[in-house]
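Below: model17.cif (mmCIF, C-alpha atoms and all ligand atoms)
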```cif
data_input
loop_
_atom_site.label_atom_id
_atom_site.label_comp_id
_atom_site.auth_asym_id
_atom_site.auth_seq_id
_atom_site.Cartn_x
_atom_site.Cartn_y
_atom_site.Cartn_z
CA MET W 241 0.00 0.00 0.00
CA ASP W 242 1.53 3.38 -0.92
CA VAL W 243 1.51 6.50 1.25
CA GLY W 244 -1.33 8.16 -0.70
CA GLU W 245 -3.55 5.12 -0.30
CA SER W 246 -2.94 4.80 3.43
CA LEU W 247 -3.63 8.53 3.88
CA VAL W 248 -6.97 8.18 2.06
CA ARG W 249 -7.88 5.20 4.27
CA ALA W 250 -6.91 7.08 7.42
CA LEU W 251 -9.08 10.05 6.38
CA ALA W 252 -11.99 7.73 5.59
CA ARG W 253 -11.71 6.20 9.07
CA ILE W 254 -11.69 9.64 10.70
CA TRP W 255 -14.74 10.65 8.62
CA ASP W 256 -16.59 7.46 9.70
CA ALA W 257 -15.72 8.15 13.34
CA LEU W 258 -17.04 11.72 13.03
CA LEU W 259 -20.29 10.49 11.48
CA ASP W 260 -20.68 7.97 14.31
CA LEU W 261 -20.38 10.82 16.80
CA LEU W 262 -22.83 13.09 15.00
CA LEU W 263 -25.51 10.64 13.91
CA PRO W 264 -27.32 8.37 16.34
CA ARG W 265 -26.59 4.75 15.47
CA ALA W 266 -29.49 2.50 14.56
CA CYS W 267 -29.70 -0.89 16.26
CA PRO W 268 -29.20 -3.58 13.58
CA GLY W 269 -31.71 -5.82 15.38
CA CYS W 270 -34.75 -3.53 15.35
CA ALA W 271 -33.68 -0.30 13.59
CA GLY W 272 -34.50 1.65 16.78
CA PRO W 273 -31.86 3.80 18.49
CA ALA W 274 -28.90 1.84 19.85
CA ALA W 275 -28.15 2.08 23.58
CA GLY W 276 -25.24 4.32 24.59
CA ALA W 277 -22.13 3.17 22.77
CA GLY W 278 -24.23 0.47 21.06
CA PRO W 279 -24.03 -1.38 18.79
CA LEU W 280 -27.38 -2.95 19.82
CA CYS W 281 -30.29 -1.55 21.81
CA ARG W 282 -30.73 -3.06 25.26
CA THR W 283 -33.78 -5.16 24.29
CA CYS W 284 -32.02 -6.75 21.32
CA ARG W 285 -28.82 -7.24 23.30
CA ASP W 286 -30.71 -9.11 26.01
CA ALA W 287 -32.75 -11.11 23.48
CA LEU W 288 -29.60 -12.22 21.66
CA VAL W 289 -28.21 -13.88 24.77
CA ARG W 290 -29.67 -17.35 24.60
CA ARG W 291 -28.39 -20.76 25.59
CA PRO W 292 -26.16 -22.31 22.92
CA HIS W 293 -27.52 -25.55 21.53
CA ARG W 294 -26.16 -28.69 19.96
CA CYS W 295 -27.19 -28.76 16.30
CA THR W 296 -29.06 -31.57 14.58
CA PRO W 297 -26.43 -34.14 13.50
CA ARG W 298 -25.34 -33.75 9.88
CA PRO W 299 -23.99 -36.87 8.12
CA GLY W 300 -20.21 -36.70 7.69
CA CYS W 301 -19.98 -33.63 9.87
CA PRO W 302 -18.33 -33.48 13.31
CA PRO W 303 -20.52 -32.42 16.29
CA VAL W 304 -21.67 -28.81 15.87
CA TRP W 305 -22.81 -26.30 18.51
CA ALA W 306 -24.52 -23.01 17.64
CA ALA W 307 -25.24 -19.73 19.42
CA GLY W 308 -28.80 -19.62 18.06
CA PRO W 309 -31.06 -20.16 15.06
CA TYR W 310 -30.55 -18.53 11.68
CA ALA W 311 -33.89 -16.78 12.06
CA GLY W 312 -35.50 -13.62 13.40
CA LEU W 313 -33.41 -11.23 15.47
CA HIS W 314 -30.44 -13.61 15.57
CA ARG W 315 -30.34 -13.72 11.76
CA ARG W 316 -30.79 -9.95 11.32
CA VAL W 317 -27.92 -9.11 13.65
CA LEU W 318 -25.70 -11.77 12.09
CA LEU W 319 -26.44 -10.50 8.56
CA ALA W 320 -25.55 -6.96 9.65
CA TYR W 321 -22.20 -8.25 10.90
CA LYS W 322 -21.56 -10.30 7.76
CA GLU W 323 -22.34 -7.25 5.65
CA GLY W 324 -19.55 -5.32 7.32
CA ASP W 325 -20.82 -3.83 10.62
CA ASP W 326 -17.54 -4.39 12.48
CA ALA W 327 -18.96 -2.93 15.69
CA LEU W 328 -20.79 -6.27 16.06
CA ALA W 329 -17.57 -8.34 16.15
CA ARG W 330 -17.45 -8.14 19.95
CA VAL W 331 -21.12 -9.13 20.31
CA TRP W 332 -20.56 -12.23 18.17
CA GLY W 333 -17.17 -13.00 19.71
CA GLU W 334 -18.83 -13.13 23.11
CA ARG W 335 -21.67 -15.30 21.80
CA LEU W 336 -19.09 -17.67 20.33
CA ALA W 337 -17.26 -17.77 23.66
CA ALA W 338 -20.54 -18.93 25.25
CA VAL W 339 -20.82 -21.66 22.59
CA CYS W 340 -17.24 -22.79 23.24
CA GLU W 341 -17.96 -23.05 26.97
CA ALA W 342 -21.35 -24.79 26.64
CA SER W 343 -20.11 -27.30 24.06
CA GLY W 344 -17.29 -28.69 26.19
CA LEU W 345 -15.35 -29.02 22.92
CA VAL W 346 -12.75 -26.35 23.70
CA ARG W 347 -9.91 -26.79 26.17
CA ALA W 348 -6.84 -24.67 26.83
CA ASP W 349 -4.79 -26.52 24.22
CA THR W 350 -7.55 -26.58 21.56
CA LEU W 351 -6.95 -24.85 18.24
CA LEU W 352 -9.84 -22.69 17.02
CA VAL W 353 -9.63 -22.84 13.24
CA PRO W 354 -11.91 -20.47 11.30
CA VAL W 355 -13.32 -21.44 7.91
CA PRO W 356 -11.51 -19.07 5.52
CA GLY W 357 -13.39 -16.08 4.11
CA ARG W 358 -13.44 -15.22 0.45
CA GLY W 359 -10.95 -12.45 1.07
CA PRO W 360 -11.57 -8.72 1.47
CA PRO W 361 -13.57 -6.74 2.25
CA HIS W 362 -15.03 -8.61 5.18
CA ASP W 363 -14.22 -11.92 6.84
CA PRO W 364 -16.66 -12.49 9.69
CA ARG W 365 -15.06 -15.59 11.23
CA ALA W 366 -11.43 -14.88 12.15
CA PRO W 367 -12.22 -11.83 14.36
CA VAL W 368 -14.91 -13.68 16.35
CA ALA W 369 -12.55 -16.63 16.86
CA ARG W 370 -9.94 -14.25 18.29
CA ILE W 371 -12.43 -12.44 20.51
CA ALA W 372 -13.99 -15.70 21.71
CA ALA W 373 -10.60 -17.14 22.67
CA ALA W 374 -9.75 -13.99 24.62
CA ALA W 375 -13.19 -13.86 26.28
CA CYS W 376 -12.92 -17.47 27.50
CA GLY W 377 -9.59 -16.70 29.12
CA GLU W 378 -6.16 -18.22 28.85
CA HIS W 379 -7.05 -21.50 30.51
CA ARG W 380 -10.20 -22.39 28.59
CA GLY W 381 -10.16 -20.27 25.47
CA GLY W 382 -8.06 -22.27 23.05
CA THR W 383 -5.80 -20.73 20.43
CA PRO W 384 -7.10 -19.15 17.25
CA LEU W 385 -5.10 -20.48 14.31
CA PRO W 386 -6.25 -19.65 10.75
CA LEU W 387 -4.78 -22.72 9.06
CA LEU W 388 -7.33 -23.28 6.29
CA ARG W 389 -7.12 -21.88 2.76
CA HIS W 390 -9.39 -22.06 -0.26
CA ARG W 391 -8.06 -24.27 -2.99
CA GLY W 392 -9.13 -22.77 -6.29
CA ARG W 393 -12.55 -21.43 -7.19
CA MET W 394 -15.92 -22.92 -6.44
CA ARG W 395 -19.58 -22.07 -6.86
CA ARG W 396 -21.41 -20.31 -4.09
CA GLN W 397 -23.28 -22.73 -1.81
CA ALA W 398 -26.53 -20.74 -1.65
CA GLY W 399 -29.38 -22.45 -3.49
CA LEU W 400 -27.61 -25.83 -3.71
CA GLY W 401 -29.05 -29.00 -2.19
CA ARG W 402 -27.10 -31.12 0.26
CA ARG W 403 -25.61 -33.47 -2.33
CA GLU W 404 -24.60 -30.59 -4.60
CA ARG W 405 -23.07 -28.76 -1.65
CA LEU W 406 -20.99 -31.78 -0.69
CA ALA W 407 -19.74 -32.15 -4.28
CA ASN W 408 -19.04 -28.40 -4.49
CA ARG W 409 -17.08 -28.44 -1.27
CA ALA W 410 -15.09 -31.66 -1.83
CA GLY W 411 -11.40 -30.77 -1.81
CA ALA W 412 -12.26 -27.07 -1.45
CA PHE W 413 -9.88 -26.46 1.45
CA CYS W 414 -6.29 -27.24 2.22
CA ALA W 415 -4.45 -26.61 5.47
CA ASP W 416 -1.17 -24.79 5.89
CA PRO W 417 1.58 -26.88 7.46
CA VAL W 418 0.80 -27.16 11.17
CA PRO W 419 3.39 -25.28 13.28
CA GLU W 420 5.53 -27.56 15.41
CA TRP W 421 3.95 -26.41 18.68
CA ALA W 422 0.47 -27.32 17.39
CA VAL W 423 1.15 -30.80 15.94
CA GLY W 424 -1.25 -33.42 17.30
CA ARG W 425 -3.49 -30.88 19.06
CA ARG W 426 -7.26 -31.07 18.93
CA ALA W 427 -8.98 -28.58 16.65
CA VAL W 428 -12.45 -27.04 16.63
CA VAL W 429 -13.70 -25.45 13.41
CA VAL W 430 -15.30 -21.98 13.60
CA ASP W 431 -17.93 -20.90 11.05
CA ASP W 432 -20.71 -18.34 10.89
CA VAL W 433 -23.69 -20.44 9.73
CA VAL W 434 -24.13 -24.21 9.43
CA THR W 435 -26.67 -25.40 6.87
CA THR W 436 -26.03 -28.89 5.45
CA GLY W 437 -22.67 -29.20 7.20
CA ALA W 438 -20.84 -29.67 3.86
CA THR W 439 -18.42 -26.82 4.57
CA LEU W 440 -17.65 -28.07 8.09
CA ALA W 441 -17.19 -31.64 6.86
CA GLU W 442 -14.69 -30.42 4.26
CA ALA W 443 -12.87 -28.22 6.80
CA ALA W 444 -12.60 -31.21 9.17
CA ARG W 445 -11.27 -33.39 6.35
CA ALA W 446 -8.54 -30.86 5.47
CA LEU W 447 -7.50 -30.48 9.12
CA ARG W 448 -7.37 -34.24 9.66
CA ALA W 449 -5.26 -34.57 6.51
CA ALA W 450 -2.88 -32.07 8.13
CA GLY W 451 -2.55 -34.33 11.17
CA LEU W 452 -4.93 -32.62 13.60
CA CYS W 453 -7.67 -34.29 15.60
CA VAL W 454 -11.00 -32.53 14.95
CA ALA W 455 -13.29 -32.50 17.99
CA GLY W 456 -16.18 -30.57 16.44
CA ALA W 457 -17.33 -27.17 15.28
CA VAL W 458 -18.78 -24.02 16.82
CA VAL W 459 -20.95 -21.65 14.78
CA LEU W 460 -22.94 -18.47 15.28
CA ALA W 461 -26.19 -19.79 13.82
CA GLU W 462 -27.86 -22.99 12.68
CA ARG W 463 -29.96 -22.89 9.54
CA LEU W 464 -32.16 -25.89 8.89
CA PRO W 465 -31.68 -26.89 5.25
CA SER W 466 -35.35 -27.70 4.74
CA THR W 467 -36.21 -24.01 5.21
CA GLU W 468 -34.19 -22.79 2.22
CA GLY W 469 -35.21 -25.17 -0.52
CA GLY W 470 -32.35 -27.61 0.00
CA GLU W 471 -32.81 -31.26 0.85
CA ALA W 472 -34.12 -31.85 4.35
CA LEU W 473 -31.79 -33.62 6.74
CA PRO W 474 -32.62 -37.21 7.58
CA GLN W 475 -34.08 -37.36 11.07
CA ARG W 476 -32.08 -39.35 13.59
ZN ZN F 501 -32.77 -3.28 18.87
#
```
Could you show the structure in this file as structure tokens?
Amino acid sequence: MDVGESLVRALARIWDALLDLLLPRACPGCAGPAAGAGPLCRTCRDALVRRPHRCTPRPGCPPVWAAGPYAGLHRRVLLAYKEGDDALARVWGERLAAVCEASGLVRADTLLVPVPGRGPPHDPRAPVARIAAAACGEHRGGTPLPLLRHRGRMRRQAGLGRRERLANRAGAFCADPVPEWAVGRRAVVVDDVVTTGATLAEAARALRAAGLCVAGAVVLAERLPSTEGGEALPQR
């Protein structure tokens, strides 16, 4: 990045900060005024705090725990974050910390490995993994380690059924070489939304191929595939 470009970015950040001071922020959950420093109003903030749950088992997918459903308020606030509202990173990092604790999957020596984003401008997963690890504390929080990379191009998953998603995801990820200090550790995959579990299954495969033991996955929201036109999950 050259000097001119970094100056423009710095000015843009100052301008955004000024606007934040001058204009009242809208709560992304209900569009009402946010409370104090925000980013959510008090009602939405309280409503977002719910007990994490273990997701319906997905074939081929390790055990998954979620902070809530991909519906209603939970979905609106998550979409706002995914669309670039960075002020929500802390909210979701803390929700993910609650999932890590409730799941029992994460121990002090666990690696938290985010599913890789598609690059700039916004990757919702890595920041929440970092914040969650810090929020859980040194002894329970695990270590965020972004080991996974996309291998080549693939179609977007939206609108695909379970079988198509699995085929689309097969071989989609590869893992960087595991650093010496992390060899043989257990890993937990971090993602934003689980639908069919195809992405998590592929992430787990790539991490196992790199020599890690995958204990499960933690996500911000569970979407039931039958609600978006995909194939319904078999009931177990
Ligand atoms: Zn609200």
Set out as a Markdown table a contact list for chain W and ligand ZN 501 (chain F) with a cut-off of 6 Å, giving each residue of chain W that qualifies its closest atom pair and distance in Å to one decimal, counting only C-alpha atoms and all ligand atoms, ordered by chain and rising residue number.
```
| residue | atom | partner | partner_atom | distance |
| --- | --- | --- | --- | --- |
| W:Cys267 | CA | F:ZN501 | ZN | 4.7 |
| W:Gly269 | CA | F:ZN501 | ZN | 4.4 |
| W:Cys270 | CA | F:ZN501 | ZN | 4.0 |
| W:Gly272 | CA | F:ZN501 | ZN | 5.6 |
| W:Leu280 | CA | F:ZN501 | ZN | 5.5 |
| W:Cys281 | CA | F:ZN501 | ZN | 4.2 |
| W:Thr283 | CA | F:ZN501 | ZN | 5.8 |
| W:Cys284 | CA | F:ZN501 | ZN | 4.3 |
```
Go through range 347-396 of chain W residue by residue and, counting all atoms listed in the file, keep those with an atom at most 9 Å from range 308-331 of chain W; for each kept residue give the shortest atom pair and its distance in Å to one decimal, ordered by chain and increasing number, as CSV.
```
residue,atom,partner,partner_atom,distance
W:Pro361,CA,W:Gly324,CA,8.0
W:His362,CA,W:Gly324,CA,6.0
W:Asp363,CA,W:Lys322,CA,7.6
W:Pro364,CA,W:Lys322,CA,5.7
W:Pro367,CA,W:Ala329,CA,6.6
W:Val368,CA,W:Ala329,CA,6.0
W:Ile371,CA,W:Arg330,CA,6.6
W:Ala372,CA,W:Arg330,CA,8.5
```
Excluding range 424-428 of chain W and residues on its chain fewer than 5 positions from it, collect all residues at most 6 Å away from it, counting all atoms listed in the file, and give them as a list in words.
->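 The filter keeps Thr350, Leu351, Leu352, Leu452, Cys453, Val454, Ala455, Gly456 and Ala457 of chain W.
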Any idea what's packed within 12 Å of His390 in chain W, counting all atoms listed in the file, ignoring anything in its chain fewer than 5 positions away? Could you give it as a list in words?
-> Pro354, Val355, Pro356, Gly357, Arg358, Gly359, Arg409, Ala410, Gly411, Ala412, Phe413, Cys414, Ala415, Asp416, Thr439, Glu442, Ala443 and Ala446 of chain W
File dump, residues just selected, C-alpha atoms, as a compact mmCIF listing (two decimals), in the coordinates of the input:
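Saved file selection20.txt follows:
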```
# COMPACT_ATOMS: atom_id res chain seq x y z
CA PRO W 354 -11.91 -20.47 11.30
CA VAL W 355 -13.32 -21.44 7.91
CA PRO W 356 -11.51 -19.07 5.52
CA GLY W 357 -13.39 -16.08 4.11
CA ARG W 358 -13.44 -15.22 0.45
CA GLY W 359 -10.95 -12.45 1.07
CA ARG W 409 -17.08 -28.44 -1.27
CA ALA W 410 -15.09 -31.66 -1.83
CA GLY W 411 -11.40 -30.77 -1.81
CA ALA W 412 -12.26 -27.07 -1.45
CA PHE W 413 -9.88 -26.46 1.45
CA CYS W 414 -6.29 -27.24 2.22
CA ALA W 415 -4.45 -26.61 5.47
CA ASP W 416 -1.17 -24.79 5.89
CA THR W 439 -18.42 -26.82 4.57
CA GLU W 442 -14.69 -30.42 4.26
CA ALA W 443 -12.87 -28.22 6.80
CA ALA W 446 -8.54 -30.86 5.47
```
Using all atoms listed in the file, which of W:Ala266, W:Val418, W:Val430, W:Leu251 sits nearest Leu460 in chain W?
->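 Comparing W:Ala266, W:Val418, W:Val430, W:Leu251 against Leu460 in chain W, the winner is W:Val430.
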Non-local contacts of His293 in chain W (12 Å; all atoms listed in the file; under 3 positions in same chain excluded) as an MDAnalysis selection string | chainID W and resid 290 296:297 303:309 335:336 338:344 458:462
Please indicate the distance in Å from CA of Pro299 in chain W to CA of Gly437 in chain W, rounded to one decimal place.
->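 Separation between CA of Pro299 in chain W and CA of Gly437 in chain W: 7.8 Å.
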Rounded to one decimal place, report the CA of Val289 in chain W-CA of Ala374 in chain W distance in Å.
->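 Pair CA of Val289 in chain W / CA of Ala374 in chain W returns 18.5 Å.
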Expressed in Å to a single decimal, how great is the separation between CA of Arg448 in chain W and CA of Leu464 in chain W?
->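 So the two atoms, CA of Arg448 in chain W and CA of Leu464 in chain W, lie 26.2 Å apart.
Ranking W:Glu420, W:Asp256, W:Asp286, W:Glu334 by their shortest atom-to-atom distance to Arg370 in chain W, with all atoms listed in the file included, puts W:Glu334 first.
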Axis-aligned box for all listed atoms of range 351-367 of chain W, 4 Å per side, centre and edges in Å to one decimal, as AutoDock Vina command-line options:
```
--center_x -11.8 --center_y -15.8 --center_z 9.3 --size_x 17.7 --size_y 26.1 --size_z 25.8
```
